[in-house]
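Below you'll find the structure, written out as C-alpha cells, and then a few comments.
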Amino acid sequence: MNFVPSYVKQYETGELNKKKEKLMRKLENCDLCPRECRINRNKYIGSCRVGNKIKVSEFVLYPGEEPVLQGEKGAGAVFFSNCTMRCVYCQNFQFSQLGRGKEISSKELGEIFLILQFEKGASNLDLVTATPYLPFIFDALIYAIERGFSLPIIWNTSSYEKVETLEILEGIIDIYLPDIRYTSNIVGKKYSGVKDYWSNAQLAVKEMYRQIGDTFILDDETYELKRGIIIRLLVLPNYLNQVKEALKFIKYEISENVHISLMDQYVPVYKAKQYEKISRYLHKSEYEEVISYMESLGFKNGWIQTHLLASEGVELKR
Ligand code: SF4
C-alpha cells in the first residue's frame, strides 16, 4: 500500500512551515496546553517543567502498543521528559515526573525520526505526551521530511489538550491515540494534579474525532494502521464508574464505531500507595465487569487485554 502521510501535503504547500513559526512564537507566551502558563519559555520553565530545550528520555521500537500499531518490529516511540500532568501512578514517572532524559537539538530530534524509520524499521512515529515540545517537533519534522521521512505520526496523549493546539495538528497527525483517564475534574485533580481534566479532555477527544472520523486505514498486507483513532481506557481499581462514564461518552457523543483499547495493566507505582483506593492492582472481576458493560453498549471495534483474564487473547470483532 502506497500511503502518503498527511503532513507531506502541508510541507509542500508551506503550511507546515507556517505552523512551525506560529508554534515557535508561542514559546514567548505559552498557552499550548490547558494550564495556559503564558510565560516566556525562552527565560523560564512552565508548569510542565519545560523551557526552550528538547529533552528526550529514550527512543525505541516499543512492543507495548495495540497490535495495529506494532507492525513487524514495533512502534517507533519517542518518550519525552516531563509532562503537563502529575499522575501519582504514572508508569513512566522517572522521566515524566522526575525529568530524566537528555537535552538534544531539533536537528538531533529529526535524526531520531530518521533512525526510527530507516535503521530500526519502525511502523510509525509514536510521539508520547509531547505537547510542550510541539514547536521543536515541527522543526524536526521538516528536517526529517527533507531527508525522506515518511512514517505516519501517532499523537499519543493523555487528552489533557487544548482544542486550539489540536487544530494546528490537523493535516499533520494521521493517528490519534488519546487516553480518557477520568470523567470527573475532581478525580483528575486528586490523581493528576490538574483542576480541569475532564472539561478539556472531552473537547479534545471530540476534536480528534472531528479530524479523523471513523476512518481506519490499515495496510492491505501488514495490517499496520495508517490513519485512525484509538481511544484508550485504563481501568483504575475502585473507579469502574469512571470508565463506564467514558464508554457512554464515546458511544453517545463520539461514535460507537471508534476503536477502543480497554487496558487492565494498572500497576500502583510511584506515589499510588499513598492513595488507598488506587494502592492495589485491578481485580479480574473489576475488569470483567467493565468488559461486560462495554459489550452491552454495543462496541465492536478494539481490544481488551489478557493480563487478568484466564482466556486467550480476546479480540473484539472488527
Ligand atoms: S505547555 Fe508547559 S509552559 Fe505551556 S502552557 Fe502547558 S504547562 Fe505551561
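In the C-alpha cells, each chain is lettered A, B, ... as it comes, each chain's residues begin at 1, and ligands are numbered from 1 in order of appearance.
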**Study point:** Those in segment 15-244 of chain A with alpha helix (DSSP H) from DSSP, as a VMD selection string
**Key:** chain A and resid 15 to 26 67 to 70 93 to 96 106 to 114 134 to 145 163 to 169 185 to 192 197 to 212 240 to 244
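Once Gly76 of chain A and its same-chain neighbours fewer than 3 positions away are set aside, Phe59, Val60, Leu61, Tyr62, Gln70, Lys73, Phe113, Leu116, Gln117, Lys120, Gly121, Ala122, Ser123, Asn124, Leu125, Asp126 and Leu127 of chain A remain within 9 Å of it when counting only C-alpha atoms.
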Write the residues of the selection above to a file with N, CA and C atoms, as a PDB file, in the first residue's frame.
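What landed in selection22.pdb:
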```pdb
ATOM      1  N   PHE A  59      14.320   6.707  22.778  1.00  0.00           N
ATOM      2  CA  PHE A  59      13.524   6.377  21.591  1.00  0.00           C
ATOM      3  C   PHE A  59      13.780   4.906  21.282  1.00  0.00           C
ATOM      4  N   VAL A  60      12.701   4.176  21.086  1.00  0.00           N
ATOM      5  CA  VAL A  60      12.811   2.716  20.995  1.00  0.00           C
ATOM      6  C   VAL A  60      11.751   2.150  20.054  1.00  0.00           C
ATOM      7  N   LEU A  61      11.980   0.930  19.616  1.00  0.00           N
ATOM      8  CA  LEU A  61      10.905   0.155  18.994  1.00  0.00           C
ATOM      9  C   LEU A  61      10.080  -0.398  20.145  1.00  0.00           C
ATOM     10  N   TYR A  62       8.894   0.131  20.298  1.00  0.00           N
ATOM     11  CA  TYR A  62       8.123  -0.163  21.504  1.00  0.00           C
ATOM     12  C   TYR A  62       7.110  -1.270  21.225  1.00  0.00           C
ATOM     13  N   GLN A  70       1.884  -1.992  15.866  1.00  0.00           N
ATOM     14  CA  GLN A  70       3.145  -2.696  16.075  1.00  0.00           C
ATOM     15  C   GLN A  70       3.925  -2.958  14.791  1.00  0.00           C
ATOM     16  N   LYS A  73       8.112  -4.782  13.556  1.00  0.00           N
ATOM     17  CA  LYS A  73       9.186  -4.539  14.526  1.00  0.00           C
ATOM     18  C   LYS A  73       8.774  -3.714  15.735  1.00  0.00           C
ATOM     19  N   PHE A 113      13.957  10.697  14.313  1.00  0.00           N
ATOM     20  CA  PHE A 113      12.829  10.280  13.454  1.00  0.00           C
ATOM     21  C   PHE A 113      13.360   9.419  12.294  1.00  0.00           C
ATOM     22  N   LEU A 116      14.563   5.958  13.441  1.00  0.00           N
ATOM     23  CA  LEU A 116      13.431   5.054  13.689  1.00  0.00           C
ATOM     24  C   LEU A 116      12.897   4.477  12.378  1.00  0.00           C
ATOM     25  N   GLN A 117      12.851   5.296  11.340  1.00  0.00           N
ATOM     26  CA  GLN A 117      12.351   4.794  10.061  1.00  0.00           C
ATOM     27  C   GLN A 117      13.388   3.918   9.337  1.00  0.00           C
ATOM     28  N   LYS A 120      15.829   1.394  12.268  1.00  0.00           N
ATOM     29  CA  LYS A 120      15.101   0.464  13.143  1.00  0.00           C
ATOM     30  C   LYS A 120      13.890  -0.169  12.472  1.00  0.00           C
ATOM     31  N   GLY A 121      13.422   0.398  11.365  1.00  0.00           N
ATOM     32  CA  GLY A 121      12.281  -0.195  10.658  1.00  0.00           C
ATOM     33  C   GLY A 121      10.968  -0.047  11.389  1.00  0.00           C
ATOM     34  N   ALA A 122      10.788   1.067  12.103  1.00  0.00           N
ATOM     35  CA  ALA A 122       9.552   1.279  12.856  1.00  0.00           C
ATOM     36  C   ALA A 122       8.346   1.376  11.939  1.00  0.00           C
ATOM     37  N   SER A 123       7.205   1.039  12.509  1.00  0.00           N
ATOM     38  CA  SER A 123       5.956   1.066  11.753  1.00  0.00           C
ATOM     39  C   SER A 123       5.388   2.486  11.652  1.00  0.00           C
ATOM     40  N   ASN A 124       5.778   3.331  12.599  1.00  0.00           N
ATOM     41  CA  ASN A 124       5.221   4.687  12.680  1.00  0.00           C
ATOM     42  C   ASN A 124       6.114   5.497  13.616  1.00  0.00           C
ATOM     43  N   LEU A 125       5.808   6.765  13.742  1.00  0.00           N
ATOM     44  CA  LEU A 125       6.481   7.606  14.736  1.00  0.00           C
ATOM     45  C   LEU A 125       5.473   7.862  15.848  1.00  0.00           C
ATOM     46  N   ASP A 126       5.780   7.387  17.042  1.00  0.00           N
ATOM     47  CA  ASP A 126       4.846   7.401  18.171  1.00  0.00           C
ATOM     48  C   ASP A 126       5.331   8.459  19.171  1.00  0.00           C
ATOM     49  N   LEU A 127       4.721   9.646  19.114  1.00  0.00           N
ATOM     50  CA  LEU A 127       5.152  10.754  19.976  1.00  0.00           C
ATOM     51  C   LEU A 127       4.359  10.697  21.276  1.00  0.00           C
TER      52      LEU A 127
END
```
Can I get the residues close to ligand 1 as a PDB file with C-alpha atoms, in the first residue's frame, where close means within 10 Å and we count only C-alpha atoms and all ligand atoms?
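selection14.pdb written:
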```
ATOM      1  CA  LYS A  26       4.001  30.614  21.373  1.00  0.00           C
ATOM      2  CA  LEU A  27       7.212  29.932  23.297  1.00  0.00           C
ATOM      3  CA  GLU A  28       7.200  33.598  24.314  1.00  0.00           C
ATOM      4  CA  ASN A  29       3.734  33.365  25.881  1.00  0.00           C
ATOM      5  CA  CYS A  30       2.984  29.666  26.160  1.00  0.00           C
ATOM      6  CA  ASP A  31      -0.624  28.511  26.025  1.00  0.00           C
ATOM      7  CA  LEU A  32      -0.026  25.183  24.325  1.00  0.00           C
ATOM      8  CA  CYS A  33      -1.829  23.114  26.958  1.00  0.00           C
ATOM      9  CA  PRO A  34      -4.820  23.835  29.229  1.00  0.00           C
ATOM     10  CA  ARG A  35      -2.542  25.072  32.010  1.00  0.00           C
ATOM     11  CA  GLU A  36      -2.018  28.221  29.922  1.00  0.00           C
ATOM     12  CA  CYS A  37       1.013  29.406  31.915  1.00  0.00           C
ATOM     13  CA  ARG A  38       1.550  32.318  29.490  1.00  0.00           C
ATOM     14  CA  ILE A  39       5.194  32.591  30.421  1.00  0.00           C
ATOM     15  CA  ASN A  40       8.163  33.277  28.201  1.00  0.00           C
ATOM     16  CA  ARG A  41       9.730  29.853  27.848  1.00  0.00           C
ATOM     17  CA  TYR A  44      11.510  30.412  32.341  1.00  0.00           C
ATOM     18  CA  ILE A  45      10.130  26.899  32.572  1.00  0.00           C
ATOM     19  CA  GLY A  46       6.373  26.299  32.674  1.00  0.00           C
ATOM     20  CA  SER A  47       4.248  24.091  34.918  1.00  0.00           C
ATOM     21  CA  CYS A  48       5.309  21.252  32.631  1.00  0.00           C
ATOM     22  CA  ARG A  49       8.931  21.998  33.674  1.00  0.00           C
ATOM     23  CA  VAL A  50       9.869  22.583  30.046  1.00  0.00           C
ATOM     24  CA  GLY A  51      11.568  25.722  28.761  1.00  0.00           C
ATOM     25  CA  ASN A  52      13.097  26.124  25.322  1.00  0.00           C
ATOM     26  CA  ASN A  82       8.403  15.939  31.771  1.00  0.00           C
ATOM     27  CA  CYS A  83       4.640  16.261  31.342  1.00  0.00           C
ATOM     28  CA  THR A  84       1.711  18.635  31.665  1.00  0.00           C
ATOM     29  CA  MET A  85       0.041  16.217  34.118  1.00  0.00           C
ATOM     30  CA  ALA A 130       4.807  15.566  23.582  1.00  0.00           C
ATOM     31  CA  THR A 131       2.639  18.702  23.793  1.00  0.00           C
ATOM     32  CA  PRO A 132       5.186  21.108  25.384  1.00  0.00           C
ATOM     33  CA  TYR A 133       7.688  20.184  22.665  1.00  0.00           C
ATOM     34  CA  LEU A 134       5.427  20.848  19.668  1.00  0.00           C
ATOM     35  CA  TYR A 160      -5.242  16.942  28.515  1.00  0.00           C
ATOM     36  CA  GLU A 161      -5.058  19.143  25.438  1.00  0.00           C
ATOM     37  CA  LYS A 162      -6.469  22.384  24.126  1.00  0.00           C
TER      38      LYS A 162
END
```
Could you give me, as a tab-separated table, every segment 214-305 of chain A residue with an atom at most 8 Å from segment 186-208 of chain A, plus its closest atom pair and distance in Å to one decimal, counting only C-alpha atoms, rows ordered by chain then number?
```
residue	atom	partner	partner_atom	distance
A:Ile229	CA	A:Met208	CA	7.7
A:Glu253	CA	A:Lys206	CA	7.9
A:Ile254	CA	A:Lys206	CA	6.5
```
Would you write out, as a tab-separated table, a table of all residues in segment 192-246 of chain A that have an atom no more than 10 Å from an atom of segment 257-266 of chain A, listing for each the closest atom pair and the distance in Å to one decimal, considering only C-alpha atoms and ordering rows by chain and rising residue number?
```
residue	atom	partner	partner_atom	distance
A:Tyr209	CA	A:Val258	CA	8.8
A:Gly213	CA	A:Val258	CA	8.3
A:Asp214	CA	A:Val258	CA	6.2
A:Thr215	CA	A:Val258	CA	9.0
A:Phe216	CA	A:His259	CA	8.8
A:Gly228	CA	A:His259	CA	8.7
A:Ile229	CA	A:His259	CA	6.8
A:Ile230	CA	A:His259	CA	4.9
A:Ile231	CA	A:Ile260	CA	4.9
A:Arg232	CA	A:Ser261	CA	4.7
A:Leu233	CA	A:Leu262	CA	5.0
A:Leu234	CA	A:Met263	CA	4.7
A:Val235	CA	A:Asp264	CA	5.9
A:Leu236	CA	A:Tyr266	CA	6.5
A:Pro237	CA	A:Tyr266	CA	8.1
A:Val243	CA	A:Leu262	CA	9.1
```
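By chain and then residue number, the residues within 9 Å of Phe149 of chain A are A:Phe113, A:Leu114, A:Gln117, A:Phe118, A:Leu141, A:Tyr143, A:Ala144, A:Ile145, A:Glu146, A:Arg147, A:Leu151, counting only C-alpha atoms and disregarding those fewer than 2 positions away in sequence.
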Just write the chosen residues, C-alpha atoms, as a PDB file, in the first residue's frame.
```pdb
ATOM      1  CA  PHE A 113      12.829  10.280  13.454  1.00  0.00           C
ATOM      2  CA  LEU A 114      15.058   9.160  10.570  1.00  0.00           C
ATOM      3  CA  GLN A 117      12.351   4.794  10.061  1.00  0.00           C
ATOM      4  CA  PHE A 118      15.491   3.793   8.207  1.00  0.00           C
ATOM      5  CA  LEU A 141       9.728  17.053  11.196  1.00  0.00           C
ATOM      6  CA  TYR A 143      14.316  18.472   8.797  1.00  0.00           C
ATOM      7  CA  ALA A 144      13.345  14.797   8.561  1.00  0.00           C
ATOM      8  CA  ILE A 145      10.907  15.198   5.629  1.00  0.00           C
ATOM      9  CA  GLU A 146      13.689  16.842   3.635  1.00  0.00           C
ATOM     10  CA  ARG A 147      15.693  13.652   4.167  1.00  0.00           C
ATOM     11  CA  LEU A 151       6.156   7.395   8.626  1.00  0.00           C
TER      12      LEU A 151
END
```
Practice item. Fewer than 4 positions away in the same chain doesn't count, so skip those; otherwise give me all residues within 10 Å of Ser81 of chain A, counting only C-alpha atoms, as a PyMOL selection string. Key: chain A and resi 48-50+54-58+92-103+128-130+132-133
**Study point:** atom CA of Gly110 of chain A to atom CA of Arg25 of chain A, straight-line distance in Å
**Key:**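 Interatomic distance here is 20.2 Å.
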**Study point:** Nearest to Ser184 of chain A by atom-to-atom distance, counting only C-alpha atoms, from A:Lys43, A:Gln242, A:Val269, A:Glu276
**Key:** A:Gln242
Point to revise | Shortest interatomic distance to Lys284 of chain A - which of A:Leu308, A:Ile175, A:Leu297, A:Ala75, counting only C-alpha atoms | key: A:Leu308
Check your understanding: Between atom CA of Pro135 of chain A and atom CA of Leu166 of chain A, what is the distance, to one decimal in Å?
Key ->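 Taking atom CA of Pro135 of chain A as the start and atom CA of Leu166 of chain A as the end point, the length is 13.0 Å.
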